[in-house]
$ cat target.pdb   # PDB, C-alpha atoms
ATOM      1  CA  MET A   1       1.608   7.048 -16.151
ATOM      2  CA  ALA A   2       4.300   8.588 -13.937
ATOM      3  CA  ALA A   3       7.657   6.903 -13.602
ATOM      4  CA  ALA A   4       8.424   4.968 -10.447
ATOM      5  CA  PRO A   5      10.612   6.784  -7.925
ATOM      6  CA  SER A   6      14.351   6.197  -8.062
ATOM      7  CA  GLN A   7      16.117   4.058  -5.464
ATOM      8  CA  SER A   8      17.274   7.221  -3.712
ATOM      9  CA  ALA A   9      13.756   8.666  -3.760
ATOM     10  CA  GLU A  10      12.426   5.402  -2.323
ATOM     11  CA  ASP A  11      14.959   5.662   0.515
ATOM     12  CA  TYR A  12      13.699   9.155   1.317
ATOM     13  CA  LEU A  13      10.035   8.147   1.147
ATOM     14  CA  GLU A  14      10.720   5.144   3.370
ATOM     15  CA  ARG A  15      12.536   7.304   5.920
ATOM     16  CA  ILE A  16       9.879  10.028   5.877
ATOM     17  CA  HIS A  17       7.214   7.393   6.476
ATOM     18  CA  GLU A  18       9.194   5.848   9.353
ATOM     19  CA  LEU A  19       9.702   9.245  10.976
ATOM     20  CA  ILE A  20       6.030  10.142  10.689
ATOM     21  CA  GLN A  21       5.041   6.769  12.140
ATOM     22  CA  GLY A  22       7.525   7.066  14.999
ATOM     23  CA  LYS A  23       7.439  10.772  15.850
ATOM     24  CA  GLY A  24       4.285  12.000  14.198
ATOM     25  CA  TYR A  25       6.240  14.293  11.866
ATOM     26  CA  ALA A  26       9.249  14.421   9.564
ATOM     27  CA  ARG A  27      11.554  17.420   9.438
ATOM     28  CA  VAL A  28      14.440  18.018   7.072
ATOM     29  CA  VAL A  29      16.924  17.898   9.945
ATOM     30  CA  ASP A  30      15.623  14.489  11.090
ATOM     31  CA  ILE A  31      15.659  13.068   7.579
ATOM     32  CA  ALA A  32      19.231  14.322   7.063
ATOM     33  CA  SER A  33      20.371  12.864  10.365
ATOM     34  CA  THR A  34      18.882   9.414   9.807
ATOM     35  CA  LEU A  35      20.055   9.172   6.186
ATOM     36  CA  ARG A  36      23.451  10.685   7.039
ATOM     37  CA  VAL A  37      23.246  13.350   4.340
ATOM     38  CA  THR A  38      23.262  17.132   4.439
ATOM     39  CA  GLN A  39      20.128  19.163   5.008
ATOM     40  CA  ALA A  40      20.718  20.793   1.624
ATOM     41  CA  SER A  41      20.622  17.364  -0.049
ATOM     42  CA  VAL A  42      17.382  16.562   1.743
ATOM     43  CA  THR A  43      15.844  19.864   0.701
ATOM     44  CA  ARG A  44      16.741  19.231  -2.959
ATOM     45  CA  MET A  45      15.246  15.728  -2.861
ATOM     46  CA  ILE A  46      12.137  16.929  -1.032
ATOM     47  CA  GLN A  47      11.635  19.538  -3.747
ATOM     48  CA  LYS A  48      11.924  16.836  -6.440
ATOM     49  CA  LEU A  49       9.550  14.557  -4.547
ATOM     50  CA  GLY A  50       7.129  17.459  -4.230
ATOM     51  CA  GLU A  51       7.277  18.143  -7.973
ATOM     52  CA  GLN A  52       6.551  14.456  -8.596
ATOM     53  CA  GLY A  53       3.569  14.546  -6.245
ATOM     54  CA  PHE A  54       4.967  12.309  -3.495
ATOM     55  CA  VAL A  55       5.264  14.860  -0.676
ATOM     56  CA  ASP A  56       3.974  18.201   0.505
ATOM     57  CA  TYR A  57       6.605  20.423   2.082
ATOM     58  CA  GLU A  58       6.346  23.727   3.854
ATOM     59  CA  LYS A  59       9.592  25.306   4.957
ATOM     60  CA  TYR A  60       9.928  25.230   8.757
ATOM     61  CA  ARG A  61       6.820  23.036   9.064
ATOM     62  CA  GLY A  62       7.986  19.650   7.844
ATOM     63  CA  VAL A  63       7.250  17.061   5.227
ATOM     64  CA  ALA A  64       4.000  15.176   4.697
ATOM     65  CA  LEU A  65       3.392  12.288   2.344
ATOM     66  CA  THR A  66       0.684  12.741  -0.247
ATOM     67  CA  PRO A  67      -1.630   9.778  -0.893
ATOM     68  CA  LYS A  68       0.662   8.873  -3.817
ATOM     69  CA  GLY A  69       3.735   9.101  -1.562
ATOM     70  CA  LEU A  70       2.038   7.113   1.192
ATOM     71  CA  GLU A  71       1.181   4.354  -1.276
ATOM     72  CA  VAL A  72       4.809   4.092  -2.410
ATOM     73  CA  ALA A  73       6.127   4.272   1.174
ATOM     74  CA  ALA A  74       3.710   1.554   2.324
ATOM     75  CA  THR A  75       4.841  -0.699  -0.530
ATOM     76  CA  ILE A  76       8.483  -0.108   0.375
ATOM     77  CA  GLN A  77       7.771  -0.813   4.044
ATOM     78  CA  GLU A  78       5.925  -4.018   3.166
ATOM     79  CA  ARG A  79       8.810  -5.161   0.961
ATOM     80  CA  HIS A  80      11.283  -4.370   3.768
ATOM     81  CA  GLU A  81       9.183  -6.244   6.349
ATOM     82  CA  THR A  82       8.831  -9.252   4.028
ATOM     83  CA  LEU A  83      12.599  -9.472   3.562
ATOM     84  CA  SER A  84      13.182  -9.061   7.291
ATOM     85  CA  ARG A  85      10.663 -11.795   8.057
ATOM     86  CA  PHE A  86      12.229 -14.116   5.487
ATOM     87  CA  PHE A  87      15.761 -13.533   6.788
ATOM     88  CA  SER A  88      14.567 -13.920  10.398
ATOM     89  CA  VAL A  89      13.073 -17.321   9.586
ATOM     90  CA  LEU A  90      16.524 -18.283   8.341
ATOM     91  CA  ASP A  91      18.070 -17.090  11.638
ATOM     92  CA  LEU A  92      20.163 -14.302  10.129
ATOM     93  CA  ASP A  93      21.239 -11.762  12.739
ATOM     94  CA  GLU A  94      19.753  -8.258  12.633
ATOM     95  CA  ALA A  95      22.926  -6.516  11.479
ATOM     96  CA  THR A  96      23.269  -8.887   8.526
ATOM     97  CA  GLN A  97      19.581  -8.507   7.724
ATOM     98  CA  ARG A  98      19.782  -4.711   7.746
ATOM     99  CA  ARG A  99      22.837  -4.646   5.502
ATOM    100  CA  ASP A 100      21.446  -7.199   3.061
ATOM    101  CA  ILE A 101      17.964  -5.698   2.920
ATOM    102  CA  GLU A 102      19.367  -2.258   2.151
ATOM    103  CA  GLY A 103      21.488  -3.831  -0.575
ATOM    104  CA  ILE A 104      18.743  -5.747  -2.370
ATOM    105  CA  GLU A 105      15.336  -4.344  -1.491
ATOM    106  CA  HIS A 106      15.172  -1.889  -4.390
ATOM    107  CA  HIS A 107      16.172  -4.512  -6.932
ATOM    108  CA  LEU A 108      13.536  -7.160  -6.317
ATOM    109  CA  SER A 109      10.418  -7.428  -8.405
ATOM    110  CA  PRO A 110       7.029  -7.545  -6.695
ATOM    111  CA  ALA A 111       6.725 -11.167  -7.875
ATOM    112  CA  THR A 112       9.970 -12.124  -6.107
ATOM    113  CA  VAL A 113       8.911 -10.393  -2.892
ATOM    114  CA  THR A 114       5.591 -12.268  -3.015
ATOM    115  CA  VAL A 115       7.382 -15.606  -3.444
ATOM    116  CA  LEU A 116       9.698 -14.810  -0.509
ATOM    117  CA  ALA A 117       6.687 -13.911   1.652
ATOM    118  CA  ASP A 118       5.008 -17.185   0.653
ATOM    119  CA  LEU A 119       8.173 -19.150   1.409
ATOM    120  CA  ALA A 120       8.591 -17.494   4.817
ATOM    121  CA  ARG A 121       4.943 -18.281   5.630
ATOM    122  CA  PHE A 122       5.428 -21.892   4.475
ATOM    123  CA  LEU A 123       8.520 -22.325   6.637
ATOM    124  CA  GLU A 124       6.805 -20.743   9.649
ATOM    125  CA  ARG A 125       3.875 -23.139   9.242
ATOM    126  CA  ASN A 126       6.173 -26.126   8.752
ATOM    127  CA  PRO A 127       8.773 -25.926  11.516
ATOM    128  CA  ALA A 128       9.938 -29.491  10.906
ATOM    129  CA  VAL A 129      10.870 -28.610   7.316
ATOM    130  CA  LEU A 130      12.643 -25.469   8.513
ATOM    131  CA  GLU A 131      14.561 -27.445  11.115
ATOM    132  CA  ARG A 132      15.595 -30.043   8.507
ATOM    133  CA  PHE A 133      16.884 -27.211   6.327
ATOM    134  CA  ARG A 134      18.840 -25.690   9.222
ATOM    135  CA  GLN A 135      20.378 -29.042  10.108
ATOM    136  CA  SER A 136      21.289 -29.729   6.488
ATOM    137  CA  ARG A 137      23.509 -26.672   6.312
ATOM    138  CA  ILE A 138      27.229 -27.363   6.299
ATOM    139  CA  ARG A 139      27.981 -24.382   8.528
ATOM    140  CA  PRO A 140      25.874 -22.161  10.763
ATOM    141  CA  MET A 141      24.248 -19.108   9.133
ATOM    142  CA  ASN A 142      26.029 -16.582  11.323
ATOM    143  CA  ALA A 143      29.510 -18.010  10.811
ATOM    144  CA  ALA A 144      30.301 -15.939   7.746
TER
END

$ encode --input "target.pdb" --output "structure tokens"
Amino acid sequence: MAAAPSQSAEDYLERIHELIQGKGYARVVDIASTLRVTQASVTRMIQKLGEQGFVDYEKYRGVALTPKGLEVAATIQERHETLSRFFSVLDLDEATQRRDIEGIEHHLSPATVTVLADLARFLERNPAVLERFRQSRIRPMNAA
């Protein structure tokens, strides 16, 4: 069985997937711009991802996810959306969410992500419990 992609590789796969969803394509220049890295760095990573079977790349034509790459990217996106949903339920602002999600998303096990999704769903379905939690806090969430 092939090894799971590295954190850096996951970041690239996630970004490629987002670009394809948003623009219909992913080019090296767009990936570099959104990840704030050089085009040369993107090209090196794309070559590695291609060797590992995650992407297909044709110079000057762009990057496409293989079924294997799409599966990984979809899992990453789901994990990201779960964390965003969980943090939103807790009323964390978007900037804090973005920073925290980027910091922890690659380090959580699938079991932990599932529990967080279940907890978010529980809190959404039980607004009185969520409100009691919010009122029990000593200080507001966004007063960090």

$ closest_residue --input "target.pdb" --among "A:Ser6, A:His17, A:Gly53, A:Glu124" --to "His107 in chain A" --atoms "all atoms listed in the file"
A:Ser6

$ residues_around --input "target.pdb" --residues "Thr43 in chain A" --least-positions-apart "4" --cutoff "7 Å" --atoms "all atoms listed in the file" --output "VMD selection string"
chain A and resid 28 39 47

$ residues_around --input "target.pdb" --residues "Arg99 in chain A" --least-positions-apart "6" --cutoff "12 Å" --atoms "all atoms listed in the file" --output "list in words"
His80, Leu83, Ser84, Phe87, Leu92, Asp93 and Glu105 of chain A

$ residues_around --input "target.pdb" --residues "Leu116 in chain A" --least-positions-apart "3" --cutoff "10 Å" --atoms "all atoms listed in the file" --output "compact mmCIF listing (two decimals) with C-alpha atoms, keeping the file's coordinate frame"
# COMPACT_ATOMS: atom_id res chain seq x y z
CA ARG A 79 8.81 -5.16 0.96
CA THR A 82 8.83 -9.25 4.03
CA LEU A 83 12.60 -9.47 3.56
CA ARG A 85 10.66 -11.80 8.06
CA PHE A 86 12.23 -14.12 5.49
CA PHE A 87 15.76 -13.53 6.79
CA PRO A 110 7.03 -7.54 -6.70
CA ALA A 111 6.72 -11.17 -7.88
CA THR A 112 9.97 -12.12 -6.11
CA VAL A 113 8.91 -10.39 -2.89
CA LEU A 119 8.17 -19.15 1.41
CA ALA A 120 8.59 -17.49 4.82
CA ARG A 121 4.94 -18.28 5.63
CA PHE A 122 5.43 -21.89 4.47

$ resolve_selection --input "target.pdb" --expression "the PyMOL selection byres ((chain A and resi 19) around 12)" --output "list in words"
Tyr12, Leu13, Glu14, Arg15, Ile16, His17, Glu18, Ile20, Gln21, Gly22, Lys23, Gly24, Tyr25, Ala26, Arg27, Val28, Val29, Asp30, Ile31, Ala32, Ser33, Thr34, Leu35, Gly62, Val63, Ala64, Leu65 and Ala73 of chain A

$ atom_distance --input "target.pdb" --atom1 "CA of Thr38 in chain A" --atom2 "CA of Ala9 in chain A"
15.1 Å

$ atom_distance --input "target.pdb" --atom1 "CA of Ile138 in chain A" --atom2 "CA of Arg98 in chain A"
23.9 Å

$ closest_residue --input "target.pdb" --among "A:Phe133, A:Glu81, A:Glu94, A:Arg36" --to "Ala117 in chain A" --atoms "all atoms listed in the file"
A:Glu81

$ atom_distance --input "target.pdb" --atom1 "CA of Glu131 in chain A" --atom2 "CA of Ile104 in chain A"
25.9 Å

$ closest_residue --input "target.pdb" --among "A:Ala4, A:Val55, A:Ile76, A:Leu70" --to "Glu102 in chain A" --atoms "all atoms listed in the file"
A:Ile76

$ residues_near_point --input "target.pdb" --point "(20.8, 9.2, -5.0)" --cutoff "12 Å" --atoms "only C-alpha atoms" --output "list in words"
Pro5, Ser6, Gln7, Ser8, Ala9, Glu10, Asp11, Tyr12, Leu35, Val37, Ser41, Val42, Arg44, Met45 and Lys48 of chain A

$ closest_residue --input "target.pdb" --among "A:Leu49, A:Asn126, A:Leu90, A:Glu58" --to "Val72 in chain A" --atoms "all atoms listed in the file"
A:Leu49

$ closest_residue --input "target.pdb" --among "A:Tyr57, A:Lys68, A:Val89, A:Ala74" --to "Arg125 in chain A" --atoms "all atoms listed in the file"
A:Val89
